[in-house]
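Each remark here refers to the structure printed beneath this line.
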Amino acid sequence: MSDAARGVAYTVLAAVREDDAYVNLLLPRLMGEQNLDTRDAAFATELTHGTIRWQGTYDAIVGHLAQRDLDPAVRDVLRLGCHQLLAMRVPDHAAVSTSVALVKRVMGHKPAGFVNAILRRVAERDLTAWIDLVTAELTGDEALAVRYSHPAWVVGELRRSLLAVDASHELEELLAADNVAPKVTLVARPRLATVAELPGTPGLLSPWAVVLDGGDPGAVAAVREGRAAVQDEGSQLVVKALVDLPLEPPRDRWLDLCAGPGGKAALLGALAVERGARLVANEVQPHRAELVRQAMRALPEVEVTCHDGREGPWEPESFDRILIDAPCTGLGALRRRPEARWRRTPQDLASLAPLQQALLRRGVELVRPGGVVAYATCSPSPAETLEVIESVGRGVAVLERVERWWPHRDGTDAMFVALLRKR
Ligand SMILES: C[S@@+](CC[C@H](N)C(=O)[O-])C[C@H]1O[C@@H](n2cnc3c(N)ncnc32)[C@H](O)[C@@H]1O
């Protein structure tokens with residue numbers, strides 16, 4: 001594989017570290033700029049995603065061998081070397097020599113001998129043997145954190161999440177599922193596209209889902225035209241849960257309070273049109289509201305607005321169905337974005353809770369008696385799910401149903417939805 005592919009992977013790692021870059025945005029751009037051919041692009045993608053996903057484990061291995069603070073650039077080169085040695089079919093000598101060349105290019109000659117020595121030692125064992133060695137003296141969540149390359153606090157949060165459904169014994173399966181990149185799933189927006197016209201295999205859970213066999217979703221005409229889109233099946237099921245709940249009398253004003261970038265709102269909008277309902281899709285951030293408008297390019301019937309959901313100018317009790325897909329930590333969607341698990345902090349949980357509660361309270365205020373509010377997150381964390389629901393007084397709304405989906409059980413992101421009916 002070319003040095004260009006390894007150079008792209010290094011540049012992404014450095015940008016994630018220095019500029020909080022998003023891998024899914026930066027990597028395709030750099031690969032385009034460097035004109036990587038198909039094989040090099042696949043190599044750069046696996047190297048970048050895999051290295052970032054597994055960096056917790058690789059740091060423990062390097063820490064075992066080096067036992068000293070490392071320059072961040074050297075650490076990135078070592079992580080890349082570890083992934084090639086332990087998880088890709090790159091010959092040892094090639095992984096070591098290209099890593100030495102890379103560190104010389106980005107740092108000069110000084111750390112070259114060190115990188116060479118460490119990676120030669122890494123090459124002496126396979127990944128399983130290394131994990132057994134570096135976790136030998138660890139217990140509990142600390143050991144799982146190294147084995148499955150998650151921050152220990154995330155392991156703890158996922159453990160609490162599973163405990164809430166009496167399934168803490170599934171923790172290792174969930175952590176393992178987070179390390180497998182999901183296949184791309186499409187949604188055929190009702191009335192606009194059919195499952196049959198999309199390339200791939202129909203999804204197992206959502207009636208509108210198609211799992212792509214491979215290839216670029218942007219090359220699918222229905223996706224380009226806004227009649228279909230990339231969307232996890234879990235997100236589709238959240239929308240389904242909201243629209244399937246019967247309403248008496250079945251009136252027709254729907255609101256998506258936190259719609260950006262518009263994936264769920266577009267499915268909701270297509271279903272609204274099918275059922276003779278009207279959807280307002282609201283988003284607080286102007287550039288994300290613009291993304292919602294783009295998502296609605298095949299759905300001119302949907303009204304897109306840009307307000308803080310806590311303060312928007314709607315009349316109390318003026319909607320029949322409301323979706324609150326709250327801003328959350330995204331701890332349920334870690335398999336999708338390799339850097340996400342390293343970027344979040346425990347403080348995010350605490351700081352999001354008041355906003356989540358305020359948005360839910362507003363939703364309950366805006367729905368008419370007998371109407372339904374769906375509160376959803378792509379996080380299974382109790383602090384962002386059940387504890388938020390509990391903040392709404394029982395005298396105000398009844399919790400009718402809770403549904404959850406999990407990567408290790410359902411092949412979806414970990415999604416949560418609670419359906420509240422206003423008294
Ligand atoms: C989880 S995302 C929604 C994803 C969206 N439903 C979809 O499926 O594409 C949460 C959104 O809420 C927005 N948000 C955050 N604070 C908000 C507020 N006070 N009012 C309305 N929207 C808000 C964020 O900008 C973000 O776009």
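Each chain of the structure tokens is named A, B, ... in the order shown, its residues numbered from 1; ligands are numbered from 1 in display order.
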Practice task
From the DSSP assignment of the backbone, select every residue of region 183-356 of chain A that is strand (DSSP E), and format the answer as a PyMOL selection string.
Solution key: chain A and resi 185-188+201-202+209-211+228-230+253-256+278-282+303-305+319-325
Exercise for the section: Just the residues within 6 Å of Cys378 (chain A), please, counting only C-alpha atoms, with nothing from its chain fewer than 3 positions along; format it as a list in words. Expected result: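 The residues that qualify are Gly330, Gly332, Ala414 and Met415 of chain A.
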Those residues with all heavy atoms, as a CSV table (one decimal), in the first residue's frame please?
```
chain,number,residue,atom,x,y,z
A,330,GLY,N,-24.9,10.3,22.5
A,330,GLY,CA,-24.7,9.4,21.3
A,330,GLY,C,-23.9,8.1,21.8
A,330,GLY,O,-23.4,7.4,20.9
A,332,GLY,N,-25.0,5.4,22.2
A,332,GLY,CA,-25.6,4.2,21.5
A,332,GLY,C,-25.1,4.1,20.1
A,332,GLY,O,-25.4,3.1,19.4
A,414,ALA,N,-27.9,1.7,19.5
A,414,ALA,CA,-28.7,1.6,20.7
A,414,ALA,C,-29.6,2.8,20.7
A,414,ALA,O,-29.2,3.9,21.0
A,414,ALA,CB,-27.8,1.5,21.9
A,415,MET,N,-30.9,2.5,20.5
A,415,MET,CA,-31.9,3.6,20.4
A,415,MET,C,-32.9,3.4,21.6
A,415,MET,O,-33.2,2.3,21.9
A,415,MET,CB,-32.7,3.6,19.1
A,415,MET,CG,-31.9,3.8,17.9
A,415,MET,SD,-31.2,5.5,17.7
A,415,MET,CE,-32.6,6.5,17.8
```
If the limit is 6 Å from any atom of ligand 1, counting only C-alpha atoms and all ligand atoms, which residues qualify? Return them as a PDB file with N, CA, C and O atoms, in the first residue's frame.
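That gives us out01.pdb:
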```pdb
ATOM      1  N   LEU A 257     -39.504  18.472  17.239  1.00  0.00           N
ATOM      2  CA  LEU A 257     -38.973  19.646  17.943  1.00  0.00           C
ATOM      3  C   LEU A 257     -37.472  19.835  17.728  1.00  0.00           C
ATOM      4  O   LEU A 257     -36.969  20.949  17.799  1.00  0.00           O
ATOM      5  N   CYS A 258     -36.741  18.750  17.489  1.00  0.00           N
ATOM      6  CA  CYS A 258     -35.264  18.780  17.365  1.00  0.00           C
ATOM      7  C   CYS A 258     -34.895  18.026  16.087  1.00  0.00           C
ATOM      8  O   CYS A 258     -34.360  16.918  16.151  1.00  0.00           O
ATOM      9  N   ALA A 259     -35.135  18.611  14.946  1.00  0.00           N
ATOM     10  CA  ALA A 259     -35.178  17.815  13.714  1.00  0.00           C
ATOM     11  C   ALA A 259     -33.843  17.665  12.997  1.00  0.00           C
ATOM     12  O   ALA A 259     -33.681  16.773  12.169  1.00  0.00           O
ATOM     13  N   GLY A 260     -32.863  18.566  13.261  1.00  0.00           N
ATOM     14  CA  GLY A 260     -31.642  18.542  12.470  1.00  0.00           C
ATOM     15  C   GLY A 260     -30.831  17.269  12.672  1.00  0.00           C
ATOM     16  O   GLY A 260     -30.764  16.799  13.804  1.00  0.00           O
ATOM     17  N   PRO A 261     -30.253  16.703  11.606  1.00  0.00           N
ATOM     18  CA  PRO A 261     -30.256  17.158  10.212  1.00  0.00           C
ATOM     19  C   PRO A 261     -31.457  16.704   9.380  1.00  0.00           C
ATOM     20  O   PRO A 261     -31.508  16.945   8.186  1.00  0.00           O
ATOM     21  N   GLY A 262     -32.424  16.029  10.010  1.00  0.00           N
ATOM     22  CA  GLY A 262     -33.685  15.823   9.299  1.00  0.00           C
ATOM     23  C   GLY A 262     -34.010  14.396   8.903  1.00  0.00           C
ATOM     24  O   GLY A 262     -35.003  14.154   8.221  1.00  0.00           O
ATOM     25  N   GLY A 263     -33.200  13.440   9.337  1.00  0.00           N
ATOM     26  CA  GLY A 263     -33.441  12.043   8.952  1.00  0.00           C
ATOM     27  C   GLY A 263     -34.801  11.544   9.421  1.00  0.00           C
ATOM     28  O   GLY A 263     -35.627  11.100   8.616  1.00  0.00           O
ATOM     29  N   LYS A 264     -35.055  11.663  10.712  1.00  0.00           N
ATOM     30  CA  LYS A 264     -36.334  11.164  11.228  1.00  0.00           C
ATOM     31  C   LYS A 264     -37.479  12.055  10.747  1.00  0.00           C
ATOM     32  O   LYS A 264     -38.567  11.572  10.438  1.00  0.00           O
ATOM     33  N   GLU A 283     -35.656  23.062  14.166  1.00  0.00           N
ATOM     34  CA  GLU A 283     -34.262  22.842  14.580  1.00  0.00           C
ATOM     35  C   GLU A 283     -33.686  24.180  15.024  1.00  0.00           C
ATOM     36  O   GLU A 283     -33.913  25.206  14.402  1.00  0.00           O
ATOM     37  N   VAL A 284     -32.900  24.166  16.115  1.00  0.00           N
ATOM     38  CA  VAL A 284     -32.411  25.426  16.678  1.00  0.00           C
ATOM     39  C   VAL A 284     -31.241  26.014  15.895  1.00  0.00           C
ATOM     40  O   VAL A 284     -31.132  27.240  15.754  1.00  0.00           O
ATOM     41  N   GLN A 285     -30.363  25.169  15.362  1.00  0.00           N
ATOM     42  CA  GLN A 285     -29.163  25.712  14.714  1.00  0.00           C
ATOM     43  C   GLN A 285     -29.455  26.009  13.242  1.00  0.00           C
ATOM     44  O   GLN A 285     -29.852  25.101  12.502  1.00  0.00           O
ATOM     45  N   ASP A 308     -35.346  27.861  19.100  1.00  0.00           N
ATOM     46  CA  ASP A 308     -35.025  27.069  20.279  1.00  0.00           C
ATOM     47  C   ASP A 308     -36.316  26.329  20.663  1.00  0.00           C
ATOM     48  O   ASP A 308     -37.347  26.977  20.887  1.00  0.00           O
ATOM     49  N   GLY A 309     -36.243  25.022  20.707  1.00  0.00           N
ATOM     50  CA  GLY A 309     -37.447  24.224  20.969  1.00  0.00           C
ATOM     51  C   GLY A 309     -38.111  24.585  22.293  1.00  0.00           C
ATOM     52  O   GLY A 309     -39.307  24.388  22.465  1.00  0.00           O
ATOM     53  N   ARG A 310     -37.343  25.137  23.218  1.00  0.00           N
ATOM     54  CA  ARG A 310     -37.907  25.483  24.526  1.00  0.00           C
ATOM     55  C   ARG A 310     -38.739  26.759  24.453  1.00  0.00           C
ATOM     56  O   ARG A 310     -39.522  27.046  25.335  1.00  0.00           O
ATOM     57  N   ASP A 325     -36.364  14.148  19.548  1.00  0.00           N
ATOM     58  CA  ASP A 325     -35.164  13.317  19.385  1.00  0.00           C
ATOM     59  C   ASP A 325     -34.041  14.154  19.987  1.00  0.00           C
ATOM     60  O   ASP A 325     -33.379  14.924  19.299  1.00  0.00           O
ATOM     61  N   ALA A 326     -33.854  14.007  21.278  1.00  0.00           N
ATOM     62  CA  ALA A 326     -33.091  14.989  22.050  1.00  0.00           C
ATOM     63  C   ALA A 326     -31.602  14.956  21.740  1.00  0.00           C
ATOM     64  O   ALA A 326     -31.053  13.906  21.439  1.00  0.00           O
ATOM     65  N   PRO A 327     -30.952  16.144  21.834  1.00  0.00           N
ATOM     66  CA  PRO A 327     -29.489  16.140  21.782  1.00  0.00           C
ATOM     67  C   PRO A 327     -28.978  15.263  22.927  1.00  0.00           C
ATOM     68  O   PRO A 327     -29.440  15.405  24.050  1.00  0.00           O
TER      69      PRO A 327
END
```
Handout entry: For Arg401 (chain A), the nearest of the candidates A:Arg361, A:Arg421, A:Arg79, A:Arg288, counting only C-alpha atoms
Key =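 Using only C-alpha atoms, Arg401 (chain A) sits closest to A:Arg421.
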Handout entry: Nearest-residue call for Val184 (chain A), choices A:Arg335, A:Arg253, A:Arg362, A:His109, using only C-alpha atoms
Key =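 Checking each of A:Arg335, A:Arg253, A:Arg362, A:His109 against Val184 (chain A), counting only C-alpha atoms, the winner is A:Arg335.
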Handout entry: Long-range neighbours of Leu399 (chain A) as a VMD selection string, 8 Å cut-off, only C-alpha atoms, 5 positions minimum in chain
Key = chain A and resid 418 to 421
Problem - Option closest in space to Ala295 (chain A), from A:His307, A:Arg159, A:Lys240, A:Arg189 [counting only C-alpha atoms] - result: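 Using only C-alpha atoms, Ala295 (chain A) sits closest to A:Arg189.
Relative to CA of Gln236 (chain A), CA of Ala353 (chain A) is found at 24.2 Å.
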Handout entry: DSSP alpha helix (DSSP H) selection over region 87-122 of chain A, as a PyMOL selection string
Key = chain A and resi 87+92-107+112-122
Would you mind exporting N, CA and C atoms of the selected residues as an mmCIF file, in the first residue's frame?
```
data_model
loop_
_atom_site.group_PDB
_atom_site.id
_atom_site.type_symbol
_atom_site.label_atom_id
_atom_site.label_comp_id
_atom_site.auth_asym_id
_atom_site.auth_seq_id
_atom_site.Cartn_x
_atom_site.Cartn_y
_atom_site.Cartn_z
ATOM 1 N N ALA A 87 -4.003 -6.098 13.527
ATOM 2 C CA ALA A 87 -5.380 -6.240 13.045
ATOM 3 C C ALA A 87 -5.510 -6.198 11.517
ATOM 4 N N ASP A 92 4.886 -7.824 8.867
ATOM 5 C CA ASP A 92 5.514 -7.110 9.991
ATOM 6 C C ASP A 92 6.567 -6.107 9.506
ATOM 7 N N HIS A 93 7.451 -6.577 8.605
ATOM 8 C CA HIS A 93 8.559 -5.693 8.200
ATOM 9 C C HIS A 93 8.026 -4.440 7.505
ATOM 10 N N ALA A 94 6.924 -4.596 6.754
ATOM 11 C CA ALA A 94 6.363 -3.427 6.058
ATOM 12 C C ALA A 94 5.719 -2.471 7.061
ATOM 13 N N ALA A 95 4.997 -3.042 8.043
ATOM 14 C CA ALA A 95 4.347 -2.191 9.050
ATOM 15 C C ALA A 95 5.398 -1.398 9.831
ATOM 16 N N VAL A 96 6.496 -2.053 10.174
ATOM 17 C CA VAL A 96 7.522 -1.374 10.977
ATOM 18 C C VAL A 96 8.258 -0.335 10.125
ATOM 19 N N SER A 97 8.708 -0.735 8.934
ATOM 20 C CA SER A 97 9.548 0.195 8.164
ATOM 21 C C SER A 97 8.738 1.410 7.689
ATOM 22 N N THR A 98 7.475 1.214 7.328
ATOM 23 C CA THR A 98 6.687 2.376 6.888
ATOM 24 C C THR A 98 6.368 3.289 8.081
ATOM 25 N N SER A 99 6.237 2.711 9.268
ATOM 26 C CA SER A 99 5.978 3.549 10.454
ATOM 27 C C SER A 99 7.214 4.375 10.785
ATOM 28 N N VAL A 100 8.393 3.757 10.637
ATOM 29 C CA VAL A 100 9.633 4.500 10.882
ATOM 30 C C VAL A 100 9.753 5.638 9.859
ATOM 31 N N ALA A 101 9.444 5.326 8.615
ATOM 32 C CA ALA A 101 9.512 6.370 7.579
ATOM 33 C C ALA A 101 8.518 7.495 7.889
ATOM 34 N N LEU A 102 7.338 7.108 8.362
ATOM 35 C CA LEU A 102 6.302 8.108 8.659
ATOM 36 C C LEU A 102 6.743 9.012 9.813
ATOM 37 N N VAL A 103 7.284 8.439 10.860
ATOM 38 C CA VAL A 103 7.670 9.275 11.999
ATOM 39 C C VAL A 103 8.832 10.194 11.617
ATOM 40 N N LYS A 104 9.711 9.726 10.722
ATOM 41 C CA LYS A 104 10.795 10.609 10.254
ATOM 42 C C LYS A 104 10.201 11.796 9.488
ATOM 43 N N ARG A 105 9.152 11.494 8.714
ATOM 44 C CA ARG A 105 8.545 12.553 7.893
ATOM 45 C C ARG A 105 7.854 13.600 8.773
ATOM 46 N N VAL A 106 7.151 13.151 9.828
ATOM 47 C CA VAL A 106 6.375 14.123 10.600
ATOM 48 C C VAL A 106 7.140 14.693 11.795
ATOM 49 N N MET A 107 8.196 13.994 12.256
ATOM 50 C CA MET A 107 8.890 14.422 13.481
ATOM 51 C C MET A 107 10.399 14.550 13.298
ATOM 52 N N ALA A 112 12.910 7.882 15.518
ATOM 53 C CA ALA A 112 12.819 6.737 14.602
ATOM 54 C C ALA A 112 13.263 5.431 15.263
ATOM 55 N N GLY A 113 14.366 5.481 16.001
ATOM 56 C CA GLY A 113 14.865 4.261 16.645
ATOM 57 C C GLY A 113 13.882 3.725 17.677
ATOM 58 N N PHE A 114 13.276 4.642 18.417
ATOM 59 C CA PHE A 114 12.299 4.257 19.439
ATOM 60 C C PHE A 114 11.083 3.570 18.799
ATOM 61 N N VAL A 115 10.554 4.193 17.739
ATOM 62 C CA VAL A 115 9.382 3.623 17.051
ATOM 63 C C VAL A 115 9.734 2.234 16.510
ATOM 64 N N ASN A 116 10.891 2.122 15.934
ATOM 65 C CA ASN A 116 11.349 0.842 15.393
ATOM 66 C C ASN A 116 11.396 -0.218 16.505
ATOM 67 N N ALA A 117 11.983 0.143 17.639
ATOM 68 C CA ALA A 117 12.151 -0.834 18.723
ATOM 69 C C ALA A 117 10.795 -1.255 19.300
ATOM 70 N N ILE A 118 9.918 -0.295 19.530
ATOM 71 C CA ILE A 118 8.607 -0.629 20.118
ATOM 72 C C ILE A 118 7.810 -1.525 19.166
ATOM 73 N N LEU A 119 7.772 -1.163 17.907
ATOM 74 C CA LEU A 119 6.924 -1.932 16.987
ATOM 75 C C LEU A 119 7.479 -3.343 16.765
ATOM 76 N N ARG A 120 8.775 -3.495 16.800
ATOM 77 C CA ARG A 120 9.334 -4.853 16.703
ATOM 78 C C ARG A 120 8.872 -5.711 17.879
ATOM 79 N N ARG A 121 8.818 -5.088 19.046
ATOM 80 C CA ARG A 121 8.326 -5.842 20.214
ATOM 81 C C ARG A 121 6.826 -6.142 20.069
ATOM 82 N N VAL A 122 6.064 -5.163 19.578
ATOM 83 C CA VAL A 122 4.617 -5.391 19.379
ATOM 84 C C VAL A 122 4.417 -6.595 18.458
#
```
Exercise for the section: Pick out the residues sitting within 10 Å of region 271-277 of chain A, and hand them over as a PyMOL selection string; count only C-alpha atoms, and ignore anything fewer than 2 positions along from it in its own chain. Expected result: chain A and resi 189-192+239-240+243+250-254+265-269+279+299+301-302+320-321
Practice task
Record the distance separating CA of Glu233 (chain A) and CA of Trp54 (chain A), expressed in Å with one decimal.
Solution key: 25.5 Å
Problem - Among listed residues A:Val12, A:Ala60, A:Ala209, A:Val220, nearest Arg147 (chain A) (using only C-alpha atoms) - result: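 Of all the options, A:Ala60 lies closest to Arg147 (chain A).
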Exercise for the section: Tell me, as a PyMOL selection string, which residues lie within 12 Å of Ile389 (chain A), counting only C-alpha atoms; anything in the same chain fewer than 4 positions away does not count. Expected result: chain A and resi 324+326+353-354+356-361+363-364+373-377+382-385+393-394+396-402+416-421
How would the residues just chosen look if you wrote them out with N, CA, C and O atoms as a short mmCIF file (atom, residue, chain, number, x, y, z; two decimals), in the first residue's frame?
```cif
data_model
loop_
_atom_site.label_atom_id
_atom_site.label_comp_id
_atom_site.auth_asym_id
_atom_site.auth_seq_id
_atom_site.Cartn_x
_atom_site.Cartn_y
_atom_site.Cartn_z
N ILE A 324 -39.48 14.23 20.08
CA ILE A 324 -38.33 14.94 20.67
C ILE A 324 -37.15 14.00 20.59
O ILE A 324 -37.00 13.10 21.42
N ALA A 326 -33.85 14.01 21.28
CA ALA A 326 -33.09 14.99 22.05
C ALA A 326 -31.60 14.96 21.74
O ALA A 326 -31.05 13.91 21.44
N ALA A 353 -28.57 16.82 30.63
CA ALA A 353 -29.83 16.45 31.30
C ALA A 353 -30.82 17.62 31.43
O ALA A 353 -32.00 17.46 31.10
N PRO A 354 -30.37 18.81 31.87
CA PRO A 354 -31.35 19.90 32.01
C PRO A 354 -32.00 20.29 30.67
O PRO A 354 -33.21 20.57 30.62
N GLN A 356 -32.39 18.26 28.05
CA GLN A 356 -33.29 17.16 27.66
C GLN A 356 -34.61 17.28 28.43
O GLN A 356 -35.70 17.13 27.84
N GLN A 357 -34.53 17.59 29.71
CA GLN A 357 -35.75 17.71 30.52
C GLN A 357 -36.60 18.89 30.06
O GLN A 357 -37.82 18.79 29.96
N ALA A 358 -35.93 19.99 29.76
CA ALA A 358 -36.68 21.19 29.35
C ALA A 358 -37.38 20.95 28.00
O ALA A 358 -38.53 21.37 27.80
N LEU A 359 -36.70 20.27 27.08
CA LEU A 359 -37.32 19.98 25.78
C LEU A 359 -38.51 19.04 25.95
O LEU A 359 -39.57 19.23 25.33
N LEU A 360 -38.35 18.06 26.82
CA LEU A 360 -39.47 17.14 27.04
C LEU A 360 -40.65 17.87 27.69
O LEU A 360 -41.81 17.69 27.26
N ARG A 361 -40.35 18.71 28.67
CA ARG A 361 -41.44 19.47 29.32
C ARG A 361 -42.18 20.32 28.29
O ARG A 361 -43.39 20.41 28.28
N GLY A 363 -42.40 19.75 25.09
CA GLY A 363 -43.18 18.86 24.23
C GLY A 363 -44.50 18.51 24.88
O GLY A 363 -45.56 18.56 24.24
N VAL A 364 -44.46 18.21 26.17
CA VAL A 364 -45.69 17.84 26.87
C VAL A 364 -46.65 19.04 26.92
O VAL A 364 -47.87 18.89 26.80
N VAL A 373 -46.34 12.22 22.96
CA VAL A 373 -44.97 12.73 22.81
C VAL A 373 -44.03 11.53 22.79
O VAL A 373 -44.09 10.69 23.70
N ALA A 374 -43.18 11.45 21.77
CA ALA A 374 -42.14 10.42 21.75
C ALA A 374 -40.83 11.09 22.13
O ALA A 374 -40.40 12.04 21.48
N TYR A 375 -40.21 10.61 23.21
CA TYR A 375 -38.90 11.13 23.63
C TYR A 375 -37.87 10.06 23.24
O TYR A 375 -37.95 8.91 23.70
N ALA A 376 -36.91 10.45 22.37
CA ALA A 376 -35.97 9.45 21.85
C ALA A 376 -34.53 9.93 22.04
O ALA A 376 -34.25 11.13 22.07
N THR A 377 -33.62 8.96 22.20
CA THR A 377 -32.18 9.27 22.21
C THR A 377 -31.43 8.14 21.51
O THR A 377 -31.91 7.00 21.50
N PRO A 382 -29.17 5.63 31.42
CA PRO A 382 -30.33 5.98 32.27
C PRO A 382 -30.46 7.48 32.48
O PRO A 382 -31.57 8.01 32.50
N ALA A 383 -29.33 8.18 32.61
CA ALA A 383 -29.39 9.62 32.87
C ALA A 383 -30.06 10.37 31.72
O ALA A 383 -30.63 11.44 31.92
N GLU A 384 -29.99 9.82 30.51
CA GLU A 384 -30.55 10.52 29.35
C GLU A 384 -31.89 9.94 28.91
O GLU A 384 -32.50 10.44 27.99
N THR A 385 -32.29 8.85 29.57
CA THR A 385 -33.52 8.18 29.13
C THR A 385 -34.54 8.16 30.27
O THR A 385 -35.27 9.12 30.45
N GLY A 393 -43.97 14.96 35.60
CA GLY A 393 -44.89 14.49 36.64
C GLY A 393 -45.91 13.50 36.09
O GLY A 393 -46.41 13.65 34.97
N ARG A 394 -46.23 12.47 36.89
CA ARG A 394 -47.20 11.45 36.45
C ARG A 394 -48.59 12.04 36.28
O ARG A 394 -49.41 11.50 35.54
N VAL A 396 -49.23 14.67 34.78
CA VAL A 396 -49.28 15.40 33.51
C VAL A 396 -49.40 14.47 32.32
O VAL A 396 -50.15 14.70 31.38
N ALA A 397 -48.61 13.38 32.36
CA ALA A 397 -48.59 12.47 31.22
C ALA A 397 -48.38 11.04 31.70
O ALA A 397 -47.75 10.82 32.73
N VAL A 398 -48.90 10.10 30.93
CA VAL A 398 -48.77 8.68 31.28
C VAL A 398 -47.72 8.07 30.36
O VAL A 398 -47.76 8.28 29.15
N LEU A 399 -46.80 7.30 30.95
CA LEU A 399 -45.81 6.60 30.12
C LEU A 399 -46.48 5.36 29.55
O LEU A 399 -46.79 4.42 30.28
N GLU A 400 -46.76 5.39 28.24
CA GLU A 400 -47.50 4.27 27.63
C GLU A 400 -46.59 3.12 27.24
O GLU A 400 -46.96 1.96 27.33
N ARG A 401 -45.39 3.48 26.73
CA ARG A 401 -44.54 2.40 26.22
C ARG A 401 -43.10 2.86 26.17
O ARG A 401 -42.82 4.02 25.92
N VAL A 402 -42.18 1.94 26.39
CA VAL A 402 -40.76 2.20 26.19
C VAL A 402 -40.26 1.13 25.24
O VAL A 402 -40.57 -0.05 25.40
N PHE A 416 -33.40 4.52 22.06
CA PHE A 416 -34.40 4.48 23.13
C PHE A 416 -35.56 5.35 22.69
O PHE A 416 -35.36 6.44 22.15
N VAL A 417 -36.79 4.88 22.91
CA VAL A 417 -37.93 5.78 22.73
C VAL A 417 -38.96 5.50 23.82
O VAL A 417 -39.22 4.34 24.15
N ALA A 418 -39.47 6.57 24.40
CA ALA A 418 -40.56 6.46 25.37
C ALA A 418 -41.76 7.23 24.80
O ALA A 418 -41.60 8.34 24.29
N LEU A 419 -42.93 6.61 24.88
CA LEU A 419 -44.14 7.26 24.37
C LEU A 419 -44.98 7.71 25.56
O LEU A 419 -45.39 6.90 26.39
N LEU A 420 -45.20 9.03 25.64
CA LEU A 420 -45.96 9.61 26.76
C LEU A 420 -47.27 10.15 26.22
O LEU A 420 -47.28 10.89 25.22
N ARG A 421 -48.34 9.80 26.90
CA ARG A 421 -49.63 10.35 26.47
C ARG A 421 -50.09 11.38 27.50
O ARG A 421 -50.10 11.11 28.70
#
```
Fill in the blank from the handout: As a check of understanding: the span from CA of Pro28 (chain A) to CA of Val77 (chain A) is 20.4 Å
